[in-house]
>>> print(open('target_18.cif').read())   # mmCIF, C-alpha atoms (C1' of nucleotides)
data_work
loop_
_atom_site.label_atom_id
_atom_site.label_comp_id
_atom_site.auth_asym_id
_atom_site.auth_seq_id
_atom_site.Cartn_x
_atom_site.Cartn_y
_atom_site.Cartn_z
CA MET N 1 -7.83 163.73 -19.21
CA ALA N 2 -5.63 162.59 -22.03
CA ARG N 3 -6.47 160.63 -25.14
CA THR N 4 -10.17 161.01 -25.91
CA GLN N 5 -12.67 158.44 -27.09
CA GLY N 6 -12.59 157.66 -30.77
CA SER N 7 -9.49 159.73 -31.41
CA HIS N 8 -7.77 158.81 -34.66
CA SER N 9 -4.86 160.14 -36.61
CA ASP N 10 -6.60 159.70 -39.96
CA ILE N 11 -9.54 161.75 -38.75
CA THR N 12 -7.84 164.50 -36.80
CA GLY N 13 -5.21 165.17 -39.46
CA PRO N 14 -7.63 166.15 -42.22
CA ARG N 15 -9.82 168.04 -39.80
CA ILE N 16 -6.89 170.17 -38.76
CA ARG N 17 -6.08 170.98 -42.36
CA GLU N 18 -9.71 171.81 -43.10
CA ALA N 19 -10.01 174.09 -40.10
CA ALA N 20 -6.72 175.81 -40.86
CA LEU N 21 -7.72 176.32 -44.49
CA ARG N 22 -11.00 177.94 -43.59
CA LEU N 23 -9.63 180.10 -40.81
CA PHE N 24 -6.59 181.25 -42.79
CA ALA N 25 -8.84 182.20 -45.68
CA GLN N 26 -11.26 184.02 -43.41
CA HIS N 27 -8.93 185.97 -41.16
CA GLY N 28 -5.47 185.58 -42.63
CA TYR N 29 -2.56 183.42 -41.57
CA ALA N 30 -1.06 185.86 -39.09
CA ALA N 31 -4.40 186.62 -37.49
CA VAL N 32 -5.22 182.98 -36.74
CA SER N 33 -3.76 181.32 -33.67
CA MET N 34 -2.98 177.67 -33.20
CA ARG N 35 -5.46 177.70 -30.34
CA GLN N 36 -8.26 178.84 -32.66
CA ILE N 37 -7.52 176.00 -35.06
CA ALA N 38 -7.40 173.52 -32.18
CA LYS N 39 -10.70 174.76 -30.81
CA GLU N 40 -12.34 174.30 -34.20
CA VAL N 41 -11.16 170.70 -34.28
CA GLY N 42 -12.17 170.14 -30.67
CA VAL N 43 -8.71 169.52 -29.35
CA GLN N 44 -6.02 171.25 -27.31
CA ALA N 45 -3.37 173.36 -29.05
CA GLY N 46 -0.57 171.00 -28.18
CA ALA N 47 -2.23 168.16 -30.08
CA LEU N 48 -1.72 170.00 -33.37
CA TYR N 49 1.98 169.36 -33.12
CA ASN N 50 1.40 165.66 -33.71
CA TYR N 51 0.40 166.64 -37.23
CA THR N 52 2.57 169.59 -38.15
CA PRO N 53 6.03 170.57 -36.94
CA ASP N 54 4.92 174.21 -36.80
CA LYS N 55 2.43 176.77 -38.03
CA GLN N 56 4.48 177.69 -41.06
CA SER N 57 4.52 174.10 -42.34
CA LEU N 58 0.78 173.96 -41.96
CA LEU N 59 0.40 176.93 -44.28
CA PHE N 60 3.01 175.69 -46.72
CA ASN N 61 1.51 172.22 -47.01
CA LEU N 62 -1.93 173.67 -47.68
CA MET N 63 -0.56 175.83 -50.46
CA ALA N 64 1.71 173.20 -51.96
CA GLY N 65 -1.10 170.65 -51.85
CA HIS N 66 -3.42 173.03 -53.62
CA MET N 67 -0.95 173.81 -56.36
CA ALA N 68 -0.20 170.12 -56.88
CA GLU N 69 -3.91 169.35 -57.12
CA LEU N 70 -4.39 172.16 -59.59
CA GLN N 71 -1.61 170.96 -61.85
CA ALA N 72 -2.68 167.32 -61.64
CA ALA N 73 -6.27 168.18 -62.43
CA TRP N 74 -5.31 170.22 -65.46
CA ASP N 75 -2.90 167.54 -66.66
CA SER N 76 -5.73 165.03 -66.59
CA VAL N 77 -7.91 167.13 -68.90
CA PRO N 78 -7.71 165.68 -72.41
CA GLN N 79 -6.06 168.12 -74.79
CA ALA N 80 -7.70 168.93 -78.08
CA ASP N 81 -5.69 169.59 -81.20
CA SER N 82 -6.57 173.19 -81.98
CA ALA N 83 -5.40 175.99 -79.70
CA LEU N 84 -8.88 177.48 -79.70
CA LYS N 85 -10.42 174.32 -78.29
CA ARG N 86 -7.64 173.94 -75.77
CA LEU N 87 -8.09 177.49 -74.56
CA ARG N 88 -11.80 176.96 -74.26
CA ALA N 89 -11.20 173.82 -72.21
CA PHE N 90 -8.79 175.71 -70.02
CA THR N 91 -11.25 178.53 -69.41
CA GLY N 92 -13.91 176.13 -68.24
CA PHE N 93 -11.51 174.08 -66.19
CA HIS N 94 -9.92 177.04 -64.46
CA ILE N 95 -13.21 178.67 -63.55
CA ARG N 96 -14.74 175.48 -62.18
CA PHE N 97 -11.66 174.29 -60.33
CA HIS N 98 -11.24 177.63 -58.62
CA LEU N 99 -14.90 178.09 -57.75
CA GLU N 100 -14.87 174.69 -56.07
CA ARG N 101 -12.03 175.70 -53.73
CA PRO N 102 -12.42 179.38 -52.93
CA ASP N 103 -10.55 179.12 -49.63
CA ALA N 104 -7.52 177.32 -51.05
CA VAL N 105 -7.36 179.72 -53.98
CA PHE N 106 -7.61 182.70 -51.71
CA ILE N 107 -4.81 181.49 -49.50
CA ALA N 108 -2.60 180.41 -52.39
CA TYR N 109 -2.09 183.95 -53.50
CA MET N 110 -2.95 186.02 -50.45
CA GLU N 111 -0.57 184.36 -48.05
CA LEU N 112 2.52 184.21 -50.25
CA ARG N 113 4.12 186.92 -48.16
CA ASN N 114 3.77 184.86 -45.02
CA LEU N 115 5.87 182.04 -46.41
CA THR N 116 9.52 181.68 -45.56
CA GLU N 117 11.90 182.42 -48.40
CA GLU N 118 12.46 178.78 -49.36
CA ASN N 119 8.78 177.88 -49.15
CA PHE N 120 7.91 180.91 -51.26
CA THR N 121 10.33 179.80 -53.95
CA VAL N 122 8.70 176.38 -54.14
CA ILE N 123 5.16 177.74 -54.47
CA GLU N 124 6.20 180.34 -57.01
CA SER N 125 7.79 177.66 -59.10
CA LEU N 126 4.59 175.60 -59.08
CA ARG N 127 2.62 178.64 -60.11
CA ARG N 128 4.97 179.34 -62.98
CA ASP N 129 4.62 175.79 -64.21
CA TYR N 130 0.87 176.23 -64.39
CA GLU N 131 1.17 179.58 -66.17
CA ASN N 132 3.60 178.14 -68.66
CA GLY N 133 1.05 175.53 -69.61
CA VAL N 134 -1.41 178.27 -70.48
CA GLU N 135 1.20 180.26 -72.35
CA GLY N 136 1.90 177.15 -74.41
CA ILE N 137 -1.66 177.24 -75.67
CA LEU N 138 -1.41 180.89 -76.62
CA LYS N 139 1.92 180.34 -78.37
CA GLN N 140 0.46 177.49 -80.35
CA GLY N 141 -2.52 179.63 -81.27
CA VAL N 142 -0.31 182.46 -82.45
CA GLU N 143 1.84 180.12 -84.54
CA GLN N 144 -1.18 178.57 -86.16
CA GLY N 145 -2.70 181.97 -86.83
CA GLU N 146 -5.71 181.42 -84.58
CA PHE N 147 -4.71 184.04 -82.01
CA ALA N 148 -3.24 187.50 -82.23
CA VAL N 149 -1.56 188.73 -79.06
CA PRO N 150 1.46 191.03 -79.01
CA ASP N 151 2.94 189.26 -75.98
CA THR N 152 1.98 185.73 -74.96
CA LYS N 153 3.37 186.10 -71.43
CA ILE N 154 1.30 189.18 -70.67
CA ALA N 155 -1.75 187.72 -72.37
CA THR N 156 -1.39 184.62 -70.22
CA LEU N 157 -1.32 186.63 -67.02
CA ALA N 158 -4.17 188.83 -68.23
CA VAL N 159 -6.39 185.85 -69.01
CA ILE N 160 -5.65 184.17 -65.68
CA ALA N 161 -6.21 187.39 -63.75
CA MET N 162 -9.52 187.87 -65.50
CA LEU N 163 -10.68 184.35 -64.72
CA ASN N 164 -9.49 184.56 -61.12
CA GLY N 165 -11.79 187.52 -60.72
CA VAL N 166 -14.79 185.18 -60.75
CA ASN N 167 -13.96 184.05 -57.25
CA THR N 168 -14.45 187.55 -55.89
CA TRP N 169 -18.09 187.83 -56.86
CA TYR N 170 -19.60 184.44 -57.78
CA ARG N 171 -22.19 183.01 -55.42
CA SER N 172 -23.91 179.73 -56.17
CA GLU N 173 -27.27 181.22 -55.18
CA GLY N 174 -26.63 184.14 -57.50
CA ARG N 175 -28.16 185.31 -60.70
CA LEU N 176 -26.03 183.24 -63.06
CA SER N 177 -25.45 179.51 -63.30
CA LEU N 178 -21.97 178.07 -63.61
CA ASP N 179 -22.58 177.28 -67.26
CA GLU N 180 -23.61 180.84 -67.96
CA VAL N 181 -20.58 182.24 -66.17
CA GLU N 182 -18.36 179.96 -68.16
CA ARG N 183 -19.95 181.02 -71.42
CA VAL N 184 -19.69 184.73 -70.66
CA TYR N 185 -16.03 184.50 -69.72
CA TRP N 186 -15.19 182.30 -72.66
CA GLY N 187 -16.74 184.90 -74.90
CA MET N 188 -14.46 187.59 -73.53
CA VAL N 189 -11.33 185.44 -73.45
CA GLN N 190 -11.89 184.27 -76.97
CA LYS N 191 -12.39 187.75 -78.33
CA ALA N 192 -9.47 189.16 -76.34
CA VAL N 193 -6.96 186.83 -77.98
CA SER N 194 -8.60 186.49 -81.37
CA THR N 195 -7.20 187.78 -84.63
CA MET D 1 14.28 211.67 -22.62
CA ALA D 2 10.99 213.02 -23.87
CA ARG D 3 10.21 215.25 -26.82
CA THR D 4 13.08 215.01 -29.31
CA GLN D 5 14.76 217.75 -31.32
CA GLY D 6 12.96 218.81 -34.46
CA SER D 7 9.87 216.78 -33.69
CA HIS D 8 6.83 217.99 -35.59
CA SER D 9 3.29 216.78 -35.99
CA ASP D 10 3.18 217.57 -39.69
CA ILE D 11 6.30 215.48 -40.27
CA THR D 12 5.67 212.52 -37.99
CA GLY D 13 2.07 212.05 -39.08
CA PRO D 14 2.80 211.38 -42.75
CA ARG D 15 5.85 209.32 -41.88
CA ILE D 16 3.71 207.03 -39.75
CA ARG D 17 1.23 206.55 -42.56
CA GLU D 18 4.01 205.87 -45.05
CA ALA D 19 5.68 203.33 -42.79
CA ALA D 20 2.39 201.62 -42.01
CA LEU D 21 1.49 201.48 -45.69
CA ARG D 22 4.75 199.86 -46.65
CA LEU D 23 4.84 197.42 -43.76
CA PHE D 24 1.19 196.40 -44.11
CA ALA D 25 1.72 195.74 -47.81
CA GLN D 26 4.89 193.78 -47.18
CA HIS D 27 3.89 191.59 -44.26
CA GLY D 28 0.16 192.05 -43.83
CA TYR D 29 -1.81 194.04 -41.29
CA ALA D 30 -1.98 191.36 -38.63
CA ALA D 31 1.70 190.51 -38.92
CA VAL D 32 2.89 194.07 -38.35
CA SER D 33 3.13 195.42 -34.80
CA MET D 34 2.78 198.99 -33.68
CA ARG D 35 6.35 198.75 -32.40
CA GLN D 36 7.62 197.88 -35.88
CA ILE D 37 5.89 200.90 -37.35
CA ALA D 38 7.25 203.09 -34.58
CA LYS D 39 10.76 201.80 -35.09
CA GLU D 40 10.56 202.60 -38.80
CA VAL D 41 9.62 206.18 -37.95
CA GLY D 42 12.26 206.42 -35.26
CA VAL D 43 9.89 206.85 -32.38
CA GLN D 44 8.47 204.88 -29.45
CA ALA D 45 5.26 202.90 -29.90
CA GLY D 46 3.30 205.13 -27.55
CA ALA D 47 3.90 208.15 -29.76
CA LEU D 48 1.83 206.62 -32.56
CA TYR D 49 -1.28 207.18 -30.47
CA ASN D 50 -0.96 210.90 -30.93
CA TYR D 51 -1.80 210.28 -34.58
CA THR D 52 -4.24 207.39 -34.58
CA PRO D 53 -6.72 206.23 -31.96
CA ASP D 54 -5.78 202.63 -32.67
CA LYS D 55 -4.26 200.24 -35.19
CA GLN D 56 -7.56 199.56 -36.92
CA SER D 57 -8.12 203.24 -37.69
CA LEU D 58 -4.65 203.42 -39.15
CA LEU D 59 -5.55 200.69 -41.63
CA PHE D 60 -8.98 202.08 -42.37
CA ASN D 61 -7.71 205.59 -43.04
CA LEU D 62 -5.07 204.30 -45.41
CA MET D 63 -7.68 202.37 -47.35
CA ALA D 64 -10.33 205.07 -47.31
CA GLY D 65 -7.75 207.65 -48.36
CA HIS D 66 -6.65 205.50 -51.25
CA MET D 67 -10.18 204.92 -52.48
CA ALA D 68 -10.99 208.61 -52.24
CA GLU D 69 -7.87 209.49 -54.20
CA LEU D 70 -8.73 206.93 -56.83
CA GLN D 71 -12.24 208.26 -57.32
CA ALA D 72 -11.11 211.87 -57.34
CA ALA D 73 -8.40 211.17 -59.88
CA TRP D 74 -10.78 209.38 -62.21
CA ASP D 75 -13.39 212.10 -61.81
CA SER D 76 -10.84 214.65 -62.95
CA VAL D 77 -10.13 212.81 -66.19
CA PRO D 78 -11.99 214.55 -69.01
CA GLN D 79 -14.65 212.29 -70.47
CA ALA D 80 -14.85 211.80 -74.21
CA ASP D 81 -18.16 211.38 -76.00
CA SER D 82 -17.88 207.88 -77.39
CA ALA D 83 -17.84 204.86 -75.11
CA LEU D 84 -14.84 203.44 -76.94
CA LYS D 85 -12.73 206.51 -76.20
CA ARG D 86 -13.92 206.60 -72.62
CA LEU D 87 -13.01 202.97 -72.09
CA ARG D 88 -9.61 203.57 -73.61
CA ALA D 89 -9.05 206.50 -71.26
CA PHE D 90 -10.12 204.38 -68.35
CA THR D 91 -7.76 201.56 -69.26
CA GLY D 92 -4.79 203.90 -69.35
CA PHE D 93 -5.84 205.73 -66.22
CA HIS D 94 -6.44 202.60 -64.19
CA ILE D 95 -3.16 200.98 -65.15
CA ARG D 96 -1.08 204.06 -64.45
CA PHE D 97 -2.82 205.01 -61.22
CA HIS D 98 -2.42 201.53 -59.82
CA LEU D 99 1.17 201.08 -60.90
CA GLU D 100 2.06 204.31 -59.13
CA ARG D 101 0.72 203.03 -55.78
CA PRO D 102 1.37 199.31 -55.61
CA ASP D 103 1.36 199.23 -51.81
CA ALA D 104 -1.93 201.08 -51.39
CA VAL D 105 -3.58 198.96 -54.08
CA PHE D 106 -2.32 195.78 -52.49
CA ILE D 107 -3.64 196.74 -49.09
CA ALA D 108 -6.95 198.02 -50.42
CA TYR D 109 -8.06 194.59 -51.46
CA MET D 110 -5.85 192.27 -49.42
CA GLU D 111 -6.73 193.65 -46.02
CA LEU D 112 -10.48 193.94 -46.41
CA ARG D 113 -10.94 191.01 -44.05
CA ASN D 114 -9.04 192.79 -41.31
CA LEU D 115 -11.49 195.69 -41.25
CA THR D 116 -14.25 195.90 -38.69
CA GLU D 117 -17.71 195.37 -40.08
CA GLU D 118 -18.60 199.05 -40.31
CA ASN D 119 -15.26 200.00 -41.84
CA PHE D 120 -15.60 197.20 -44.36
CA THR D 121 -18.99 198.50 -45.41
CA VAL D 122 -17.56 201.93 -46.07
CA ILE D 123 -14.70 200.69 -48.20
CA GLU D 124 -16.91 198.31 -50.13
CA SER D 125 -19.25 201.13 -50.92
CA LEU D 126 -16.41 203.25 -52.28
CA ARG D 127 -15.26 200.35 -54.42
CA ARG D 128 -18.73 199.85 -55.81
CA ASP D 129 -18.93 203.50 -56.75
CA TYR D 130 -15.78 203.16 -58.75
CA GLU D 131 -16.98 199.97 -60.45
CA ASN D 132 -20.31 201.57 -61.29
CA GLY D 133 -18.48 204.30 -63.15
CA VAL D 134 -16.84 201.70 -65.34
CA GLU D 135 -20.07 199.82 -65.86
CA GLY D 136 -21.62 203.08 -67.01
CA ILE D 137 -19.14 203.19 -69.87
CA LEU D 138 -19.92 199.63 -70.89
CA LYS D 139 -23.66 200.25 -70.71
CA GLN D 140 -23.30 203.30 -72.91
CA GLY D 141 -21.21 201.31 -75.36
CA VAL D 142 -23.78 198.54 -75.53
CA GLU D 143 -26.62 201.00 -76.07
CA GLN D 144 -24.75 202.75 -78.85
CA GLY D 145 -23.84 199.46 -80.46
CA GLU D 146 -20.11 199.88 -79.96
CA PHE D 147 -19.76 197.04 -77.45
CA ALA D 148 -21.23 193.56 -77.21
CA VAL D 149 -21.18 192.01 -73.75
CA PRO D 150 -23.84 189.67 -72.43
CA ASP D 151 -23.59 191.14 -68.91
CA THR D 152 -22.16 194.57 -68.20
CA LYS D 153 -21.65 193.88 -64.49
CA ILE D 154 -19.54 190.80 -65.12
CA ALA D 155 -17.70 192.45 -67.95
CA THR D 156 -16.86 195.35 -65.65
CA LEU D 157 -15.41 193.07 -63.02
CA ALA D 158 -13.57 191.06 -65.66
CA VAL D 159 -11.96 194.14 -67.16
CA ILE D 160 -10.92 195.52 -63.78
CA ALA D 161 -9.56 192.15 -62.65
CA MET D 162 -7.53 191.88 -65.83
CA LEU D 163 -6.09 195.36 -65.42
CA ASN D 164 -5.35 194.82 -61.73
CA GLY D 165 -3.22 191.88 -62.77
CA VAL D 166 -0.59 194.29 -64.08
CA ASN D 167 0.46 195.08 -60.54
CA THR D 168 1.49 191.49 -59.90
CA TRP D 169 4.16 191.39 -62.57
CA TYR D 170 5.10 194.87 -63.82
CA ARG D 171 8.55 196.14 -62.91
CA SER D 172 9.75 199.54 -64.13
CA GLU D 173 13.14 198.04 -65.06
CA GLY D 174 11.38 195.31 -67.00
CA ARG D 175 11.09 194.46 -70.65
CA LEU D 176 8.11 196.69 -71.46
CA SER D 177 7.58 200.41 -71.04
CA LEU D 178 4.43 201.77 -69.46
CA ASP D 179 3.19 202.90 -72.87
CA GLU D 180 3.67 199.43 -74.27
CA VAL D 181 1.88 197.81 -71.36
CA GLU D 182 -0.99 200.20 -71.80
CA ARG D 183 -1.21 199.47 -75.50
CA VAL D 184 -1.16 195.70 -75.03
CA TYR D 185 -3.88 195.77 -72.40
CA TRP D 186 -6.01 198.19 -74.34
CA GLY D 187 -5.81 195.82 -77.29
CA MET D 188 -7.18 192.99 -75.20
CA VAL D 189 -9.83 195.03 -73.41
CA GLN D 190 -11.04 196.51 -76.65
CA LYS D 191 -11.37 193.16 -78.36
CA ALA D 192 -12.96 191.53 -75.32
CA VAL D 193 -15.91 193.94 -75.31
CA SER D 194 -16.12 194.61 -79.03
CA THR D 195 -18.99 193.57 -81.25
"C1'" DC E 1 12.49 235.45 -19.91
"C1'" DT E 2 8.28 232.85 -18.46
"C1'" DT E 3 4.38 230.25 -19.32
"C1'" DT E 4 1.74 227.14 -21.99
"C1'" DT E 5 1.24 223.70 -25.23
"C1'" DT E 6 2.80 220.07 -28.18
"C1'" DT E 7 5.39 215.99 -28.80
"C1'" DC E 8 7.51 212.23 -27.19
"C1'" DT E 9 9.72 208.65 -23.69
"C1'" DG E 10 9.83 204.70 -20.88
"C1'" DA E 11 7.64 201.81 -18.10
"C1'" DA E 12 3.78 199.24 -17.20
"C1'" DC E 13 -0.89 196.66 -18.05
"C1'" DA E 14 -3.27 192.39 -19.00
"C1'" DT E 15 -3.55 189.19 -22.99
"C1'" DT E 16 -2.16 186.40 -26.25
"C1'" DC E 17 1.21 184.09 -29.00
"C1'" DG E 18 3.86 179.55 -30.78
"C1'" DT E 19 5.78 175.81 -28.86
"C1'" DT E 20 7.34 172.08 -25.48
"C1'" DC E 21 6.58 168.24 -22.49
"C1'" DA E 22 5.56 165.12 -18.63
"C1'" DG E 23 1.79 162.54 -17.65
"C1'" DT E 24 -2.67 160.09 -18.78
"C1'" DT E 25 -5.84 157.52 -21.32
"C1'" DA E 26 -7.68 154.93 -25.43
"C1'" DT E 27 -6.49 151.88 -28.80
"C1'" DT E 28 -3.79 148.23 -30.94
"C1'" DG E 29 -0.93 144.13 -30.96
"C1'" DT E 30 0.25 139.75 -28.78
"C1'" DA W 1 -5.06 139.29 -20.10
"C1'" DC W 2 -1.34 142.18 -20.51
"C1'" DA W 3 2.14 145.11 -22.83
"C1'" DA W 4 3.15 148.53 -26.19
"C1'" DT W 5 2.00 152.33 -28.75
"C1'" DA W 6 -0.58 156.23 -30.44
"C1'" DA W 7 -3.29 160.34 -29.31
"C1'" DC W 8 -4.21 163.73 -26.42
"C1'" DT W 9 -4.45 166.93 -22.01
"C1'" DG W 10 -3.15 170.64 -19.21
"C1'" DA W 11 0.14 173.37 -17.57
"C1'" DA W 12 3.96 175.96 -18.39
"C1'" DC W 13 7.72 178.85 -21.02
"C1'" DG W 14 9.50 183.33 -22.55
"C1'" DA W 15 8.40 186.56 -25.86
"C1'" DA W 16 5.41 189.69 -28.10
"C1'" DT W 17 0.94 192.01 -28.57
"C1'" DG W 18 -2.12 196.71 -28.44
"C1'" DT W 19 -2.80 200.28 -25.52
"C1'" DT W 20 -2.42 203.65 -21.47
"C1'" DC W 21 -0.23 207.21 -18.91
"C1'" DA W 22 2.65 210.06 -15.77
"C1'" DG W 23 6.40 212.75 -16.55
"C1'" DA W 24 10.04 215.19 -19.28
"C1'" DA W 25 11.77 218.02 -22.79
"C1'" DA W 26 11.31 220.91 -26.87
"C1'" DA W 27 8.75 224.30 -29.26
"C1'" DA W 28 5.47 228.04 -29.48
"C1'" DA W 29 3.12 231.86 -27.32
"C1'" DG W 30 3.05 235.71 -24.21
#
>>> encode(input="target_18.cif", output="structure tokens")
Amino acid sequence: MARTQGSHSDITGPRIREAALRLFAQHGYAAVSMRQIAKEVGVQAGALYNYTPDKQSLLFNLMAGHMAELQAAWDSVPQADSALKRLRAFTGFHIRFHLERPDAVFIAYMELRNLTEENFTVIESLRRDYENGVEGILKQGVEQGEFAVPDTKIATLAVIAMLNGVNTWYRSEGRLSLDEVERVYWGMVQKAVST
Amino acid sequence: MARTQGSHSDITGPRIREAALRLFAQHGYAAVSMRQIAKEVGVQAGALYNYTPDKQSLLFNLMAGHMAELQAAWDSVPQADSALKRLRAFTGFHIRFHLERPDAVFIAYMELRNLTEENFTVIESLRRDYENGVEGILKQGVEQGEFAVPDTKIATLAVIAMLNGVNTWYRSEGRLSLDEVERVYWGMVQKAVST
DNA sequence: CTTTTTTCTGAACATTCGTTCAGTTATTGT
DNA sequence: ACAATAACTGAACGAATGTTCAGAAAAAAG
């Protein structure tokens, strides 16, 4: 056997990335073999190398793609004038974006240690960009007297960490709807940074 | 060669656990081989099996030990009467305990997916016990009118997630002292749950 | 000193790993 | 219809994996 019926680059490529994403999130990068990914796609291990130069690049591209998507999505959210409204918009955006991609989120900060040094630097830089956007909101709020935080950098990380926590427990079949979750978290975020 | 000079069970045992803890935290459970751990200790791989039946038990015991320590340490903290004081004590305790054991903390919630099903159940149960203790404080605070949170379970997870975030950025040589970090976080926690 | 026990070595085991590649087949272009 | 290209197979590579075990040496017990 060789090339199979209906085989296409534009189909196999995404399927490989999807399978890798799910398996990496489930078992961890190091614990997943190229053969497992191939099996999931319905292909032999060697075929993967038509789509990625190696396993490391597969991981890196998943993470870099996720971070780029995250930044682009947030950039496309219209910004209000007041810091309070902007922070509220961010809270909702961050929760929803992350709940829609639990696997990518999980990988993006669980598999940092499995990146090569250069790849790690790139991802870390993307993450910092995103964090800086949030810190900008807090700084604005402090300047305009809407917020009171002793340290905007720490507050930024604290808010993000708190929101990230949703991914560890939220289930769509669960007790609370997405709107309710958003409202509860916004209540806490708002109070935490308020004057 | 065989048994080496000065070899002792009470020395090698802890050294194996220390090496495993550090290596697992640094590279991940699946990415660390028994030979790497052995090399760190200065021993051959086979010798490790005098101290652990297998690699999985090594991981499980590290995690279970950490969770037991955590619970015991918190249990030994004297409890104040008011919920506000208790929550303040918890905030300080949690931050300090976790900053003192970054590797164990990292492993305890990064390597959950590498546990067997039964081992996972055990660790999850220990974690829930700890979380329930915190929720008890919030419940008390709500009953006594000191706190206002729409959902004590979510608030518990949000507070813990926020505090856990400290481990991702705190460095002892950094800009802020431990006391300052504690004060900043307590400020945010307090406001987040306040009426 | 002699015996027993504890601690470790070094080699071996079957598996699995990431990756390469010559060959084969389906698809595309002419 | 035929030629060219893209997509994949299947086998192979050396290296590394977790684990076992007979034997050797050091330490402890007598």
>>> resolve_selection(input="target_18.cif", expression="the PyMOL selection byres ((chain W and resi 10) around 12)", output="VMD selection string")
(chain N and resid 1 to 2 43 to 47) or (chain E and resid 21 to 24) or (chain W and resid 8 to 9 11 to 12)
>>> residues_around(input="target_18.cif", residues="range 17-24 of chain W", least_positions_apart="2", cutoff="10 Å", atoms="only C-alpha atoms (C1' of nucleotides)", output="mmCIF file with C-alpha atoms (C1' of nucleotides), in the coordinates of the input")
data_model
loop_
_atom_site.group_PDB
_atom_site.id
_atom_site.type_symbol
_atom_site.label_atom_id
_atom_site.label_comp_id
_atom_site.auth_asym_id
_atom_site.auth_seq_id
_atom_site.Cartn_x
_atom_site.Cartn_y
_atom_site.Cartn_z
ATOM 1 C CA MET D 1 14.280 211.670 -22.620
ATOM 2 C CA ALA D 2 10.990 213.020 -23.870
ATOM 3 C CA ARG D 3 10.210 215.250 -26.820
ATOM 4 C CA SER D 33 3.130 195.420 -34.800
ATOM 5 C CA MET D 34 2.780 198.990 -33.680
ATOM 6 C CA ARG D 35 6.350 198.750 -32.400
ATOM 7 C CA ALA D 45 5.260 202.900 -29.900
ATOM 8 C CA GLY D 46 3.300 205.130 -27.550
ATOM 9 C CA TYR D 49 -1.280 207.180 -30.470
ATOM 10 C CA PRO D 53 -6.720 206.230 -31.960
ATOM 11 C CA ASP D 54 -5.780 202.630 -32.670
ATOM 12 C CA LYS D 55 -4.260 200.240 -35.190
ATOM 13 C "C1'" DC E 8 7.510 212.230 -27.190
ATOM 14 C "C1'" DT E 9 9.720 208.650 -23.690
ATOM 15 C "C1'" DG E 10 9.830 204.700 -20.880
ATOM 16 C "C1'" DA E 11 7.640 201.810 -18.100
ATOM 17 C "C1'" DA E 12 3.780 199.240 -17.200
ATOM 18 C "C1'" DC E 13 -0.890 196.660 -18.050
ATOM 19 C "C1'" DT E 15 -3.550 189.190 -22.990
ATOM 20 C "C1'" DT E 16 -2.160 186.400 -26.250
ATOM 21 C "C1'" DC E 17 1.210 184.090 -29.000
ATOM 22 C "C1'" DA W 15 8.400 186.560 -25.860
ATOM 23 C "C1'" DA W 26 11.310 220.910 -26.870
#
>>> atom_distance(input="target_18.cif", atom1="CA of Met188 in chain N", atom2="CA of Ala192 in chain D")
4.6 Å
>>> resolve_selection(input="target_18.cif", expression="the PyMOL selection byres ((chain D and resi 148) around 6)", output="MDAnalysis selection string")
chainID D and resid 142 147 149 193:195
>>> residues_around(input="target_18.cif", residues="Gln36 in chain D", least_positions_apart="4", cutoff="12 Å", atoms="all atoms listed in the file", output="JSON, numbers by chain")
{"D": [16, 19, 20, 22, 23, 24, 27, 29, 30, 31, 32, 40, 41, 42, 43, 44, 45, 46, 48], "W": [16, 17]}
>>> interface_residues(input="target_18.cif", of="chain D", to="chain N", cutoff="9 Å", atoms="all atoms listed in the file", output="number ranges by chain")
D: 26-31, 110-111, 113-114, 149-151, 154-155, 157-166, 169, 181, 184-185, 187-194
>>> atom_distance(input="target_18.cif", atom1="CA of Leu58 in chain N", atom2="CA of Leu21 in chain N")
9.2 Å
>>> resolve_selection(input="target_18.cif", expression="the PyMOL selection byres ((chain D and resi 124-136) around 9)", output="list of chain:residue names")
D:Ala64, D:Met67, D:Ala68, D:Leu70, D:Gln71, D:Trp74, D:Leu87, D:Phe90, D:Leu112, D:Asn119, D:Phe120, D:Thr121, D:Val122, D:Ile123, D:Ile137, D:Leu138, D:Lys139, D:Gln140, D:Gly141, D:Thr152, D:Lys153, D:Ala155, D:Thr156, D:Leu157, D:Ile160
>>> closest_residue(input="target_18.cif", among="W:DA28, W:DA7, W:DC13, W:DC2", to="chain D", atoms="all atoms listed in the file")
W:DA28
>>> atom_distance(input="target_18.cif", atom1="CA of Ser177 in chain D", atom2="CA of Asp75 in chain D")
25.7 Å
>>> closest_residue(input="target_18.cif", among="N:Arg86, N:His8, N:Arg96, N:Arg17", to="chain E", atoms="all atoms listed in the file")
N:His8
>>> closest_residue(input="target_18.cif", among="E:DT6, E:DT30, E:DT19, E:DT25", to="chain N", atoms="all atoms listed in the file")
E:DT25
>>> closest_residue(input="target_18.cif", among="D:Lys85, D:Tyr51, D:Ile107, D:Glu18", to="chain E", atoms="all atoms listed in the file")
D:Tyr51
>>> closest_residue(input="target_18.cif", among="E:DT20, E:DT2, E:DT7, E:DT28", to="DA27 in chain W", atoms="all atoms listed in the file")
E:DT7
>>> axis_aligned_box(input="target_18.cif", around="range 6-11 of chain W", padding_each_side="6 Å", output="lines of an AutoDock Vina configuration file")
center_x = -2.2
center_y = 164.8
center_z = -24.0
size_x = 16.6
size_y = 29.1
size_z = 24.9
